[in-house]
Each structure stands twice: as C-alpha cells, then as structure tokens.
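Peer 1: What follows is a structure written as structure tokens; I'll ask about it next.
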Amino acid sequence: MNPNIEEVLLAEPRGFCAGVDRAIEIVERALAKFGAPIYVRHEIVHNTYVVNELKAKGAIFIEELSDVPTGSTLVFSAHGVSKAVEQEARDRGFSIFDATCPLVTKVHVEVAKLAKEGYEFIMIGHKGHPEVEGTMGQLSSGIHLVEDVADVANASPLQTEKLAVVTQTTLSVDDAAEIAAAVRARFPNVREPKQQDICYATQNRQDAVKIMSPQVDLVIVVGSPTSSNSNRLRELAQRLGTESYMVDSADELKPEWFEGKSRIGLTAGASAPEVLVHEVIERVRAFGAVSVRKMDGIEETIKFPLPKGLKLDDIPPPGHIS
Ligand code: 0CM
Ligand code: SF4
C-alpha cells in the first residue's frame, strides 16, 4: 500500500484507433468465415495481448510467406506491405485480406502517384519498422530514409527539382516537425504532404499526454515494446519532465515507481486494448489509489470500412477484443 496515491488520471483519447479496430476485426471475421487457421503476416498490430488472443482463436502469425501453406487465407498487418510482398503473396495464390490501415495506404498511394510524376522521396521514419519497409517498398528506388536531423545531411537524392517528404504515421509529432524543418532547410523546393502523414490517432494521443503530464507525478503507458506510437507516448511524458514507464501488462508495474507519487497519469497506445488499462487501474488501486478521473479530450468518431468479402451479414459477429 502507498498512502500517498490520491488519484489516477486517465488520458483521453487513449487506446485503440480506427485502423487497429478494423485490422483486428478483419482477422476475427476471416476466422469466423473461413475457419482456422488464418495466416497473418507480421503481428496484426504491435500488441502482445491482441496477438495472443487471436492465436488462441486460430490465427497463425508469420514473417515469411514461404511459411504459409498453399491455398491459405492470408491477412496483411495494419502496418502495410511492400509491392514485393504483395506480389509474392499473389504469386503464391493465397486468398488475401489487406488489413493495412487506410491512413498508411494513403501514404502508399501518394508515393506511387508522385513517383509517376518523377519525384524522389525523403521518408522520415524508423529503420526496420514494418510500416517504413512497406512504404519504402512501394518503389524499387528513389526513397531515402532519414531517422533524425543528422541523417538529413547524408541524404543523397539524384535530383532535387522533384523531391517530396513522406513520414511514418506513428512518429513523435515534434521530432518529425524538427526533421521536416531540416529537410526544408537543405532542400527548399521539397514538396510536403497537404495534410501531414502522422495520423490523427498518434497526434491526439500525444496531445492528451501533453495536457496530462504536467498534472501528474508519474505517467504509465500501456503498450508493447514493438509499438512505435506507444513508445512515443512514454518518451513524450519523460521529455516533459514526468517520470514515465511503459508496460505490456499490469504484472510489469513495480511498486517502487509509485513511492512518493500522489497523482498517476495513465494512457495507452493505439494498439493497446482497454482491458489492459482496466487491469492497470485495478493494480494501482491495490497500491493505494483512491479515485480514478477521466480527463476531457477529443472524442474520436472515425471508422474505416471493412474490405469486400468480409462485410457479409451472414458472418456471426466476432467476439471482439476491446
Ligand atoms: O506503428 P506502430 O508500431 O505504432 O504500430 P501499432 O501496431 O502499435 O499501432 C497501430 C498501427 C499502425 C500502422
Ligand atoms: Fe492507422 Fe494511425 Fe491507427 Fe496506425 S495508429 S492503425 S496509422 S489510425
């Protein structure tokens, strides 16, 4: 027990975004319609709990398409895939459902369109992240990755007349703005997206942490280590001067984090289910928290349609993870 803890403040919005809701529903509906197993390329979203729940229902997660038997149903993860992966999946004859978030697809479409007009690209993102591999893999060449301001000096496009910036959707909004400014300083003609590529969910969750952090002594972020947007929330709180930890589940909470803390801020990445937030609240109550208060914040109403072939009314409603 920690008699100091007065209150838990819940960030708003937090947790699942429309792209994650849709991606999970695609796997659940595919399982309901076609039966197990359903193969999923990469973790459908970067969350251990979600992946384990879907595994229990018959989803098999793979990285290499050579591990998928002929004739299988295959789902692409929310992070998207390269043209080469898409082509390989078609060549292998799988029945494919694409759970790429429509906001990631929007970036792919923009890259393809501008490439036809002769553009090269500077992509701001994290090396090795599946979304970056998918977006860069929309073209065979001409996309130059920069991870930070220092990288901008080393980018070497073949020409600078037609150069455009694209970004990963789940970056730190502030870091991306700083890197984009460095790109602009080096390449003044660079074309920037009309609406930034960082998605609404990433922006809103970071804005909520900015409001919450100064009001609390500790920020807990629910999210898995692989989740870019969840990591950015923890990092942001820490940068704002508030001690912050990210946990994959309530078991990871350490009592010593709460010593001498009276107000605890709690949020969750876009791939972290609300059930885990509730488990964290219960654990913090056991540590001595007295009340839980939801902060005011933007209400997100955006929803993305399911792909054709999974909209049928005759599919029993899936037991949804929430
Ligand atoms: O991109 P990130 O690592 O944040 O992915 P996620 O699965 O944690 O969140 C949802 C998405 C996308 C694209
Ligand atoms: Fe789409 Fe953004 Fe959610 Fe990723 S975090 S799935 S880009 S809405």
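Going through the structure tokens in order, the chains are called A, B, and so on, while each chain numbers its residues from 1 and the ligands are numbered from 1 in the order shown.
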What lies within 12 Å of Pro102 of chain A using only C-alpha atoms, ignoring chain neighbours under 6 positions off, as a PyMOL selection string?
Peer 2: chain A and resi 17-23+77-80+108-109+169+197+199+302-307
Peer 1: Name the residues in contact with segment 239-248 of chain A at a cut-off of 10 Å, using only C-alpha atoms, excluding same-chain residues fewer than 5 positions from it; report them as a ChimeraX atom specification.
Peer 2: /A:47-49,209-210,212-225,230-231,233-234,253-254,257,264-269,272,276,280
Peer 1: Given only C-alpha atoms as the basis, pick out the residue of A:Val166, A:Ala56, A:Met123, A:Val81 nearest to Val146 of chain A.
Peer 2: A:Met123
Peer 1: Could the residues of segment 187-276 of chain A that have an atom at most 12 Å from segment 113-118 of chain A be listed as CSV, each with its closest atom pair and the distance in Å to one decimal, counting only C-alpha atoms and ordered by chain and ascending residue number?
Peer 2:
residue,atom,partner,partner_atom,distance
A:Arg191,CA,A:Leu114,CA,10.1
A:Glu192,CA,A:Leu114,CA,11.5
A:Pro193,CA,A:Leu114,CA,11.0
Peer 1: Between atom CA of Glu120 of chain A and atom CA of Lys162 of chain A, what is the distance, to one decimal in Å?
Peer 2: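 Rounded to one decimal, the two atoms are 6.3 Å apart.
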Peer 1: Using DSSP assignments from the backbone, pull out every residue in segment 95-275 of chain A that falls under strand (DSSP E or B) and give it to me as a PyMOL selection string.
Peer 2: chain A and resi 95-98+120-124+143-146+163-167+191+218-222+243-247+263-268
Peer 1: Deliver the residues from the most recent selection as a file, using N, CA and C atoms, as an mmCIF file, in the first residue's frame.
Peer 2:
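Okay, this is what ended up in result.cif:
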data_model
loop_
_atom_site.group_PDB
_atom_site.id
_atom_site.type_symbol
_atom_site.label_atom_id
_atom_site.label_comp_id
_atom_site.auth_asym_id
_atom_site.auth_seq_id
_atom_site.Cartn_x
_atom_site.Cartn_y
_atom_site.Cartn_z
ATOM 1 N N SER A 95 -5.444 -16.472 -50.665
ATOM 2 C CA SER A 95 -6.615 -15.611 -50.629
ATOM 3 C C SER A 95 -6.254 -14.495 -49.632
ATOM 4 N N ILE A 96 -6.199 -13.256 -50.139
ATOM 5 C CA ILE A 96 -5.593 -12.172 -49.336
ATOM 6 C C ILE A 96 -6.640 -11.197 -48.808
ATOM 7 N N PHE A 97 -6.517 -10.838 -47.534
ATOM 8 C CA PHE A 97 -7.270 -9.705 -46.976
ATOM 9 C C PHE A 97 -6.255 -8.704 -46.468
ATOM 10 N N ASP A 98 -6.456 -7.454 -46.882
ATOM 11 C CA ASP A 98 -5.467 -6.429 -46.566
ATOM 12 C C ASP A 98 -5.945 -5.597 -45.378
ATOM 13 N N GLU A 120 11.372 11.964 -56.375
ATOM 14 C CA GLU A 120 12.090 11.142 -55.403
ATOM 15 C C GLU A 120 11.573 11.550 -54.024
ATOM 16 N N PHE A 121 11.893 10.755 -52.999
ATOM 17 C CA PHE A 121 11.304 10.987 -51.674
ATOM 18 C C PHE A 121 12.339 10.972 -50.560
ATOM 19 N N ILE A 122 12.077 11.819 -49.568
ATOM 20 C CA ILE A 122 12.750 11.692 -48.277
ATOM 21 C C ILE A 122 11.687 11.122 -47.355
ATOM 22 N N MET A 123 11.956 9.942 -46.804
ATOM 23 C CA MET A 123 10.998 9.370 -45.844
ATOM 24 C C MET A 123 11.527 9.545 -44.430
ATOM 25 N N ILE A 124 10.705 10.157 -43.563
ATOM 26 C CA ILE A 124 11.063 10.297 -42.151
ATOM 27 C C ILE A 124 10.438 9.118 -41.408
ATOM 28 N N ILE A 143 13.606 6.331 -52.681
ATOM 29 C CA ILE A 143 13.130 6.792 -51.369
ATOM 30 C C ILE A 143 14.308 6.727 -50.410
ATOM 31 N N HIS A 144 14.597 7.858 -49.784
ATOM 32 C CA HIS A 144 15.770 7.963 -48.914
ATOM 33 C C HIS A 144 15.285 8.138 -47.489
ATOM 34 N N LEU A 145 15.678 7.204 -46.608
ATOM 35 C CA LEU A 145 15.188 7.235 -45.228
ATOM 36 C C LEU A 145 16.032 8.162 -44.361
ATOM 37 N N VAL A 146 15.367 9.037 -43.603
ATOM 38 C CA VAL A 146 16.076 9.801 -42.569
ATOM 39 C C VAL A 146 15.387 9.526 -41.242
ATOM 40 N N LEU A 163 11.295 16.584 -55.380
ATOM 41 C CA LEU A 163 11.587 15.844 -54.164
ATOM 42 C C LEU A 163 10.406 16.055 -53.207
ATOM 43 N N ALA A 164 9.926 14.973 -52.609
ATOM 44 C CA ALA A 164 8.781 15.091 -51.691
ATOM 45 C C ALA A 164 9.116 14.409 -50.364
ATOM 46 N N VAL A 165 8.485 14.887 -49.297
ATOM 47 C CA VAL A 165 8.658 14.266 -47.975
ATOM 48 C C VAL A 165 7.454 13.392 -47.672
ATOM 49 N N VAL A 166 7.712 12.208 -47.147
ATOM 50 C CA VAL A 166 6.627 11.391 -46.576
ATOM 51 C C VAL A 166 7.106 10.925 -45.202
ATOM 52 N N THR A 167 6.155 10.583 -44.314
ATOM 53 C CA THR A 167 6.580 10.104 -42.994
ATOM 54 C C THR A 167 5.817 8.837 -42.609
ATOM 55 N N ARG A 191 8.565 19.109 -51.619
ATOM 56 C CA ARG A 191 7.109 19.112 -51.539
ATOM 57 C C ARG A 191 6.693 18.378 -50.264
ATOM 58 N N LEU A 218 3.645 10.845 -12.262
ATOM 59 C CA LEU A 218 4.119 9.625 -12.924
ATOM 60 C C LEU A 218 3.167 9.321 -14.073
ATOM 61 N N VAL A 219 3.719 8.954 -15.241
ATOM 62 C CA VAL A 219 2.856 8.541 -16.363
ATOM 63 C C VAL A 219 3.122 7.074 -16.676
ATOM 64 N N ILE A 220 2.062 6.293 -16.719
ATOM 65 C CA ILE A 220 2.150 4.897 -17.140
ATOM 66 C C ILE A 220 1.498 4.797 -18.523
ATOM 67 N N VAL A 221 2.237 4.198 -19.455
ATOM 68 C CA VAL A 221 1.709 3.977 -20.812
ATOM 69 C C VAL A 221 1.513 2.478 -20.979
ATOM 70 N N VAL A 222 0.319 2.067 -21.395
ATOM 71 C CA VAL A 222 0.107 0.661 -21.707
ATOM 72 C C VAL A 222 0.433 0.469 -23.186
ATOM 73 N N GLU A 243 8.267 11.474 -14.791
ATOM 74 C CA GLU A 243 8.768 10.092 -14.820
ATOM 75 C C GLU A 243 7.733 9.226 -15.538
ATOM 76 N N SER A 244 8.193 8.340 -16.402
ATOM 77 C CA SER A 244 7.230 7.586 -17.202
ATOM 78 C C SER A 244 7.723 6.174 -17.522
ATOM 79 N N TYR A 245 6.803 5.226 -17.491
ATOM 80 C CA TYR A 245 7.126 3.836 -17.812
ATOM 81 C C TYR A 245 6.067 3.283 -18.752
ATOM 82 N N MET A 246 6.523 2.354 -19.615
ATOM 83 C CA MET A 246 5.570 1.661 -20.488
ATOM 84 C C MET A 246 5.465 0.209 -20.023
ATOM 85 N N VAL A 247 4.241 -0.300 -19.954
ATOM 86 C CA VAL A 247 4.060 -1.697 -19.533
ATOM 87 C C VAL A 247 3.194 -2.432 -20.553
ATOM 88 N N ARG A 263 -0.227 11.683 -7.794
ATOM 89 C CA ARG A 263 -1.157 11.644 -8.950
ATOM 90 C C ARG A 263 -0.489 10.849 -10.063
ATOM 91 N N ILE A 264 -1.258 9.880 -10.575
ATOM 92 C CA ILE A 264 -0.734 8.964 -11.587
ATOM 93 C C ILE A 264 -1.488 9.193 -12.890
ATOM 94 N N GLY A 265 -0.772 9.441 -13.967
ATOM 95 C CA GLY A 265 -1.392 9.573 -15.283
ATOM 96 C C GLY A 265 -1.336 8.237 -15.999
ATOM 97 N N LEU A 266 -2.419 7.901 -16.705
ATOM 98 C CA LEU A 266 -2.463 6.604 -17.393
ATOM 99 C C LEU A 266 -2.962 6.809 -18.822
ATOM 100 N N THR A 267 -2.230 6.237 -19.776
ATOM 101 C CA THR A 267 -2.679 6.271 -21.166
ATOM 102 C C THR A 267 -2.337 4.941 -21.829
ATOM 103 N N ALA A 268 -2.722 4.789 -23.094
ATOM 104 C CA ALA A 268 -2.464 3.537 -23.810
ATOM 105 C C ALA A 268 -2.218 3.853 -25.277
#
Peer 1: Within 6 Å of ligand 1 (counting only C-alpha atoms and all ligand atoms), which residues show up? I'd like them as a PyMOL selection string.
Peer 2: chain A and resi 20+45-46+78-79+101+170+226-229+270-271
Peer 1: How would the residues just chosen look if you wrote them out with N, CA and C atoms as a PDB file, in the first residue's frame?
Peer 2:
ATOM      1  N   VAL A  20      -6.674   0.063 -35.961  1.00  0.00           N
ATOM      2  CA  VAL A  20      -6.455  -1.140 -35.157  1.00  0.00           C
ATOM      3  C   VAL A  20      -7.768  -1.915 -35.006  1.00  0.00           C
ATOM      4  N   VAL A  45      -1.307  -6.069 -35.123  1.00  0.00           N
ATOM      5  CA  VAL A  45      -0.915  -4.771 -34.556  1.00  0.00           C
ATOM      6  C   VAL A  45       0.131  -5.120 -33.493  1.00  0.00           C
ATOM      7  N   HIS A  46       0.915  -4.123 -33.104  1.00  0.00           N
ATOM      8  CA  HIS A  46       2.032  -4.408 -32.194  1.00  0.00           C
ATOM      9  C   HIS A  46       1.567  -4.489 -30.747  1.00  0.00           C
ATOM     10  N   ALA A  78      -1.704  -4.273 -40.065  1.00  0.00           N
ATOM     11  CA  ALA A  78      -2.114  -2.863 -40.159  1.00  0.00           C
ATOM     12  C   ALA A  78      -0.997  -1.957 -40.678  1.00  0.00           C
ATOM     13  N   HIS A  79       0.245  -2.452 -40.583  1.00  0.00           N
ATOM     14  CA  HIS A  79       1.390  -1.587 -40.929  1.00  0.00           C
ATOM     15  C   HIS A  79       1.670  -1.547 -42.427  1.00  0.00           C
ATOM     16  N   CYS A 101      -3.791  -0.193 -42.524  1.00  0.00           N
ATOM     17  CA  CYS A 101      -4.636   0.945 -42.151  1.00  0.00           C
ATOM     18  C   CYS A 101      -4.822   1.854 -43.368  1.00  0.00           C
ATOM     19  N   THR A 170       3.289   6.993 -37.276  1.00  0.00           N
ATOM     20  CA  THR A 170       3.247   6.880 -35.809  1.00  0.00           C
ATOM     21  C   THR A 170       4.482   7.483 -35.127  1.00  0.00           C
ATOM     22  N   THR A 226       7.301  -3.248 -29.065  1.00  0.00           N
ATOM     23  CA  THR A 226       7.433  -3.087 -30.521  1.00  0.00           C
ATOM     24  C   THR A 226       6.586  -1.936 -31.076  1.00  0.00           C
ATOM     25  N   SER A 227       5.714  -1.363 -30.260  1.00  0.00           N
ATOM     26  CA  SER A 227       4.762  -0.371 -30.767  1.00  0.00           C
ATOM     27  C   SER A 227       5.378   1.021 -30.810  1.00  0.00           C
ATOM     28  N   SER A 228       5.567   1.531 -32.006  1.00  0.00           N
ATOM     29  CA  SER A 228       6.197   2.850 -32.179  1.00  0.00           C
ATOM     30  C   SER A 228       5.370   3.928 -31.480  1.00  0.00           C
ATOM     31  N   ASN A 229       4.074   3.970 -31.748  1.00  0.00           N
ATOM     32  CA  ASN A 229       3.276   5.077 -31.193  1.00  0.00           C
ATOM     33  C   ASN A 229       3.213   5.017 -29.669  1.00  0.00           C
ATOM     34  N   ALA A 270      -2.121   3.166 -29.442  1.00  0.00           N
ATOM     35  CA  ALA A 270      -3.240   2.892 -30.355  1.00  0.00           C
ATOM     36  C   ALA A 270      -3.498   1.398 -30.544  1.00  0.00           C
ATOM     37  N   SER A 271      -2.542   0.554 -30.175  1.00  0.00           N
ATOM     38  CA  SER A 271      -2.730  -0.895 -30.328  1.00  0.00           C
ATOM     39  C   SER A 271      -3.001  -1.595 -28.994  1.00  0.00           C
TER      40      SER A 271
END
Peer 1: Write down as a ChimeraX atom specification the residues belonging to segment 173-246 of chain A that are assigned helix (DSSP H, G or I) by DSSP computed on the backbone.
Peer 2: /A:173-186,200-215,228-239
Peer 1: Would you write out those residues with N, CA and C atoms, as a short mmCIF file (atom, residue, chain, number, x, y, z; two decimals), in the first residue's frame?
Peer 2:
data_model
loop_
_atom_site.label_atom_id
_atom_site.label_comp_id
_atom_site.auth_asym_id
_atom_site.auth_seq_id
_atom_site.Cartn_x
_atom_site.Cartn_y
_atom_site.Cartn_z
N VAL A 173 5.30 13.72 -33.08
CA VAL A 173 4.90 14.87 -33.90
C VAL A 173 6.00 15.94 -33.85
N ASP A 174 6.57 16.16 -32.67
CA ASP A 174 7.58 17.21 -32.52
C ASP A 174 8.88 16.85 -33.21
N ASP A 175 9.32 15.60 -33.06
CA ASP A 175 10.56 15.17 -33.74
C ASP A 175 10.39 15.26 -35.25
N ALA A 176 9.24 14.81 -35.74
CA ALA A 176 9.01 14.81 -37.19
C ALA A 176 9.03 16.25 -37.73
N ALA A 177 8.46 17.19 -36.95
CA ALA A 177 8.44 18.59 -37.39
C ALA A 177 9.87 19.13 -37.47
N GLU A 178 10.68 18.75 -36.50
CA GLU A 178 12.07 19.22 -36.48
C GLU A 178 12.86 18.64 -37.66
N ILE A 179 12.63 17.36 -37.94
CA ILE A 179 13.35 16.73 -39.05
C ILE A 179 12.86 17.32 -40.38
N ALA A 180 11.54 17.53 -40.48
CA ALA A 180 10.99 18.12 -41.71
C ALA A 180 11.57 19.53 -41.94
N ALA A 181 11.78 20.26 -40.85
CA ALA A 181 12.36 21.61 -40.99
C ALA A 181 13.79 21.51 -41.51
N ALA A 182 14.53 20.51 -41.03
CA ALA A 182 15.90 20.32 -41.51
C ALA A 182 15.91 19.92 -42.99
N VAL A 183 14.92 19.11 -43.39
CA VAL A 183 14.81 18.71 -44.81
C VAL A 183 14.54 19.96 -45.66
N ARG A 184 13.60 20.80 -45.17
CA ARG A 184 13.24 22.03 -45.88
C ARG A 184 14.44 22.97 -46.00
N ALA A 185 15.23 23.02 -44.93
CA ALA A 185 16.40 23.92 -44.95
C ALA A 185 17.41 23.44 -45.99
N ARG A 186 17.55 22.12 -46.13
CA ARG A 186 18.53 21.62 -47.09
C ARG A 186 17.97 21.59 -48.51
N TYR A 200 -4.18 10.87 -37.21
CA TYR A 200 -4.97 11.57 -36.19
C TYR A 200 -4.81 10.92 -34.81
N ALA A 201 -4.71 9.58 -34.80
CA ALA A 201 -4.66 8.86 -33.51
C ALA A 201 -3.34 9.14 -32.79
N THR A 202 -2.25 9.12 -33.56
CA THR A 202 -0.94 9.42 -32.99
C THR A 202 -0.93 10.84 -32.45
N GLN A 203 -1.43 11.77 -33.26
CA GLN A 203 -1.49 13.19 -32.86
C GLN A 203 -2.33 13.36 -31.59
N ASN A 204 -3.53 12.81 -31.59
CA ASN A 204 -4.45 13.01 -30.46
C ASN A 204 -3.90 12.42 -29.15
N ARG A 205 -3.28 11.21 -29.25
CA ARG A 205 -2.75 10.59 -28.03
C ARG A 205 -1.56 11.38 -27.48
N GLN A 206 -0.75 11.93 -28.39
CA GLN A 206 0.37 12.76 -27.92
C GLN A 206 -0.13 14.08 -27.33
N ASP A 207 -1.14 14.68 -27.96
CA ASP A 207 -1.71 15.92 -27.42
C ASP A 207 -2.25 15.69 -26.01
N ALA A 208 -2.92 14.54 -25.82
CA ALA A 208 -3.50 14.24 -24.49
C ALA A 208 -2.41 14.08 -23.44
N VAL A 209 -1.29 13.46 -23.82
CA VAL A 209 -0.17 13.31 -22.87
C VAL A 209 0.43 14.68 -22.53
N LYS A 210 0.45 15.57 -23.52
CA LYS A 210 0.97 16.92 -23.26
C LYS A 210 0.12 17.65 -22.22
N ILE A 211 -1.18 17.41 -22.27
CA ILE A 211 -2.08 18.06 -21.30
C ILE A 211 -1.95 17.37 -19.94
N MET A 212 -1.84 16.05 -19.97
CA MET A 212 -1.86 15.29 -18.71
C MET A 212 -0.54 15.38 -17.92
N SER A 213 0.58 15.28 -18.62
CA SER A 213 1.88 15.14 -17.94
C SER A 213 2.15 16.18 -16.84
N PRO A 214 1.90 17.49 -17.13
CA PRO A 214 2.22 18.47 -16.07
C PRO A 214 1.32 18.35 -14.84
N GLN A 215 0.23 17.58 -14.97
CA GLN A 215 -0.71 17.47 -13.84
C GLN A 215 -0.45 16.25 -12.96
N SER A 228 5.57 1.53 -32.01
CA SER A 228 6.20 2.85 -32.18
C SER A 228 5.37 3.93 -31.48
N ASN A 229 4.07 3.97 -31.75
CA ASN A 229 3.28 5.08 -31.19
C ASN A 229 3.21 5.02 -29.67
N SER A 230 3.23 3.80 -29.09
CA SER A 230 3.20 3.67 -27.63
C SER A 230 4.51 4.17 -27.03
N ASN A 231 5.63 3.78 -27.63
CA ASN A 231 6.95 4.27 -27.16
C ASN A 231 7.03 5.78 -27.19
N ARG A 232 6.43 6.37 -28.23
CA ARG A 232 6.49 7.84 -28.36
C ARG A 232 5.73 8.52 -27.23
N LEU A 233 4.67 7.88 -26.72
CA LEU A 233 3.90 8.47 -25.61
C LEU A 233 4.75 8.50 -24.33
N ARG A 234 5.44 7.38 -24.06
CA ARG A 234 6.28 7.32 -22.85
C ARG A 234 7.41 8.35 -22.95
N GLU A 235 8.04 8.38 -24.13
CA GLU A 235 9.15 9.30 -24.36
C GLU A 235 8.70 10.76 -24.19
N LEU A 236 7.51 11.07 -24.69
CA LEU A 236 6.99 12.43 -24.62
C LEU A 236 6.79 12.86 -23.17
N ALA A 237 6.16 11.99 -22.37
CA ALA A 237 5.93 12.33 -20.96
C ALA A 237 7.27 12.57 -20.27
N GLN A 238 8.22 11.70 -20.53
CA GLN A 238 9.54 11.82 -19.92
C GLN A 238 10.20 13.15 -20.33
N ARG A 239 10.09 13.49 -21.63
CA ARG A 239 10.66 14.75 -22.11
C ARG A 239 10.02 15.96 -21.44
#
Peer 1: Select, from A:Leu54, A:Asp67, A:Gln168, A:Val275, the residue with the minimum atom-to-atom distance to Lys106 of chain A, counting only C-alpha atoms.
Peer 2: A:Gln168
Peer 1: Hey, what's within 10 Å of Arg285 of chain A if we count only C-alpha atoms and toss same-chain stuff fewer than 6 positions away? As a PyMOL selection string, please?
Peer 2: chain A and resi 1-2+5-8+279+291-292
Peer 1: Kindly save the residues from that selection, with N, CA, C and O atoms included, as a short mmCIF file (atom, residue, chain, number, x, y, z; two decimals), in the first residue's frame.
Peer 2:
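Result went into out_17.cif, see below:
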data_model
loop_
_atom_site.label_atom_id
_atom_site.label_comp_id
_atom_site.auth_asym_id
_atom_site.auth_seq_id
_atom_site.Cartn_x
_atom_site.Cartn_y
_atom_site.Cartn_z
N MET A 1 0.84 -1.23 0.00
CA MET A 1 0.00 0.00 0.00
C MET A 1 0.86 1.26 0.00
O MET A 1 1.87 1.30 0.67
N ASN A 2 0.42 2.24 -0.76
CA ASN A 2 1.12 3.53 -0.78
C ASN A 2 0.10 4.61 -0.43
O ASN A 2 -0.71 4.99 -1.27
N ILE A 5 -0.82 7.86 -2.87
CA ILE A 5 -1.53 7.93 -4.16
C ILE A 5 -2.96 8.43 -3.94
O ILE A 5 -3.75 7.78 -3.25
N GLU A 6 -3.25 9.59 -4.56
CA GLU A 6 -4.59 10.15 -4.40
C GLU A 6 -5.49 9.78 -5.57
O GLU A 6 -6.63 9.41 -5.40
N GLU A 7 -4.92 9.93 -6.77
CA GLU A 7 -5.81 9.89 -7.93
C GLU A 7 -5.09 9.31 -9.16
O GLU A 7 -3.90 9.54 -9.35
N VAL A 8 -5.87 8.61 -10.00
CA VAL A 8 -5.38 8.20 -11.31
C VAL A 8 -6.10 9.04 -12.35
O VAL A 8 -7.34 9.11 -12.35
N GLU A 279 -6.95 -3.42 -16.06
CA GLU A 279 -6.11 -4.24 -15.17
C GLU A 279 -5.06 -3.37 -14.47
O GLU A 279 -4.77 -3.57 -13.29
N SER A 291 -9.05 7.38 -6.16
CA SER A 291 -10.06 7.66 -7.19
C SER A 291 -9.45 7.65 -8.59
O SER A 291 -8.24 7.76 -8.76
N VAL A 292 -10.34 7.50 -9.57
CA VAL A 292 -9.94 7.49 -10.98
C VAL A 292 -10.75 8.56 -11.69
O VAL A 292 -11.97 8.61 -11.54
#
Peer 1: Do a neighbour search on segment 83-89 of chain A at 12 Å with only C-alpha atoms, toss out local chain neighbours closer than 5 positions, and write the hits as a PyMOL selection string.
Peer 2: chain A and resi 39-42+63-77+94-98+100+105+108-109+112+130+133-140
Peer 1: What does the file look like for those residues with C-alpha atoms, as a PDB file, in the first residue's frame?
Peer 2:
ATOM      1  CA  TYR A  39      -2.338 -16.702 -41.516  1.00  0.00           C
ATOM      2  CA  VAL A  40      -1.300 -13.152 -40.640  1.00  0.00           C
ATOM      3  CA  ARG A  41       1.866 -11.579 -41.998  1.00  0.00           C
ATOM      4  CA  HIS A  42       3.592  -9.903 -39.030  1.00  0.00           C
ATOM      5  CA  GLU A  63       7.049 -13.173 -41.152  1.00  0.00           C
ATOM      6  CA  GLU A  64       7.968 -15.187 -44.264  1.00  0.00           C
ATOM      7  CA  LEU A  65       5.342 -16.059 -46.880  1.00  0.00           C
ATOM      8  CA  SER A  66       7.220 -19.305 -47.522  1.00  0.00           C
ATOM      9  CA  ASP A  67       5.848 -20.452 -44.141  1.00  0.00           C
ATOM     10  CA  VAL A  68       2.239 -20.196 -45.400  1.00  0.00           C
ATOM     11  CA  PRO A  69       0.778 -23.376 -46.968  1.00  0.00           C
ATOM     12  CA  THR A  70      -0.634 -23.181 -50.493  1.00  0.00           C
ATOM     13  CA  GLY A  71      -4.337 -22.328 -50.627  1.00  0.00           C
ATOM     14  CA  SER A  72      -4.308 -20.471 -47.274  1.00  0.00           C
ATOM     15  CA  THR A  73      -6.054 -17.245 -46.348  1.00  0.00           C
ATOM     16  CA  LEU A  74      -3.530 -14.529 -45.544  1.00  0.00           C
ATOM     17  CA  VAL A  75      -4.028 -11.167 -43.833  1.00  0.00           C
ATOM     18  CA  PHE A  76      -1.545  -8.292 -44.176  1.00  0.00           C
ATOM     19  CA  SER A  77      -0.958  -6.432 -40.891  1.00  0.00           C
ATOM     20  CA  PHE A  94      -3.185 -17.020 -51.283  1.00  0.00           C
ATOM     21  CA  SER A  95      -6.615 -15.611 -50.629  1.00  0.00           C
ATOM     22  CA  ILE A  96      -5.593 -12.172 -49.336  1.00  0.00           C
ATOM     23  CA  PHE A  97      -7.270  -9.705 -46.976  1.00  0.00           C
ATOM     24  CA  ASP A  98      -5.467  -6.429 -46.566  1.00  0.00           C
ATOM     25  CA  THR A 100      -3.270  -2.160 -43.862  1.00  0.00           C
ATOM     26  CA  THR A 105      -2.433   3.099 -47.713  1.00  0.00           C
ATOM     27  CA  HIS A 108       1.443   4.423 -50.359  1.00  0.00           C
ATOM     28  CA  VAL A 109      -0.941   5.923 -52.930  1.00  0.00           C
ATOM     29  CA  ALA A 112       3.030   5.881 -56.234  1.00  0.00           C
ATOM     30  CA  PRO A 130       7.388  -2.711 -40.926  1.00  0.00           C
ATOM     31  CA  GLU A 133       9.610  -1.171 -45.106  1.00  0.00           C
ATOM     32  CA  GLY A 134       6.137  -1.230 -46.655  1.00  0.00           C
ATOM     33  CA  THR A 135       6.135   2.431 -47.681  1.00  0.00           C
ATOM     34  CA  MET A 136       9.720   2.417 -48.971  1.00  0.00           C
ATOM     35  CA  GLY A 137       8.905  -0.822 -50.746  1.00  0.00           C
ATOM     36  CA  GLN A 138       6.241   0.878 -52.858  1.00  0.00           C
ATOM     37  CA  LEU A 139       9.140   1.793 -55.168  1.00  0.00           C
ATOM     38  CA  SER A 140      12.228  -0.099 -56.199  1.00  0.00           C
TER      39      SER A 140
END
Peer 1: Would you compute the distance between atom CA of Ala150 of chain A and atom CA of Gln196 of chain A? Give it in Å to one decimal.
Peer 2: 21.4 Å
Peer 1: Nearest to Glu53 of chain A among A:Ile24, A:Glu282, A:Ala36, A:Arg92, with distances taken over only C-alpha atoms: which residue is it?
Peer 2: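 Answer, going by the shortest atom-to-atom distance: A:Ile24.
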Peer 1: Report, in Å to a single decimal, how far apart atom CA of Asp91 of chain A and atom CA of Ile38 of chain A are.
Peer 2: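 Separating atom CA of Ile38 of chain A from atom CA of Asp91 of chain A is a distance of 18.2 Å.
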Peer 1: Out of A:Val104, A:Val190, A:Val152, A:Ala289, which residue has the shortest atom-to-atom distance to ligand 2 when counting only C-alpha atoms and all ligand atoms?
Peer 2: A:Val104
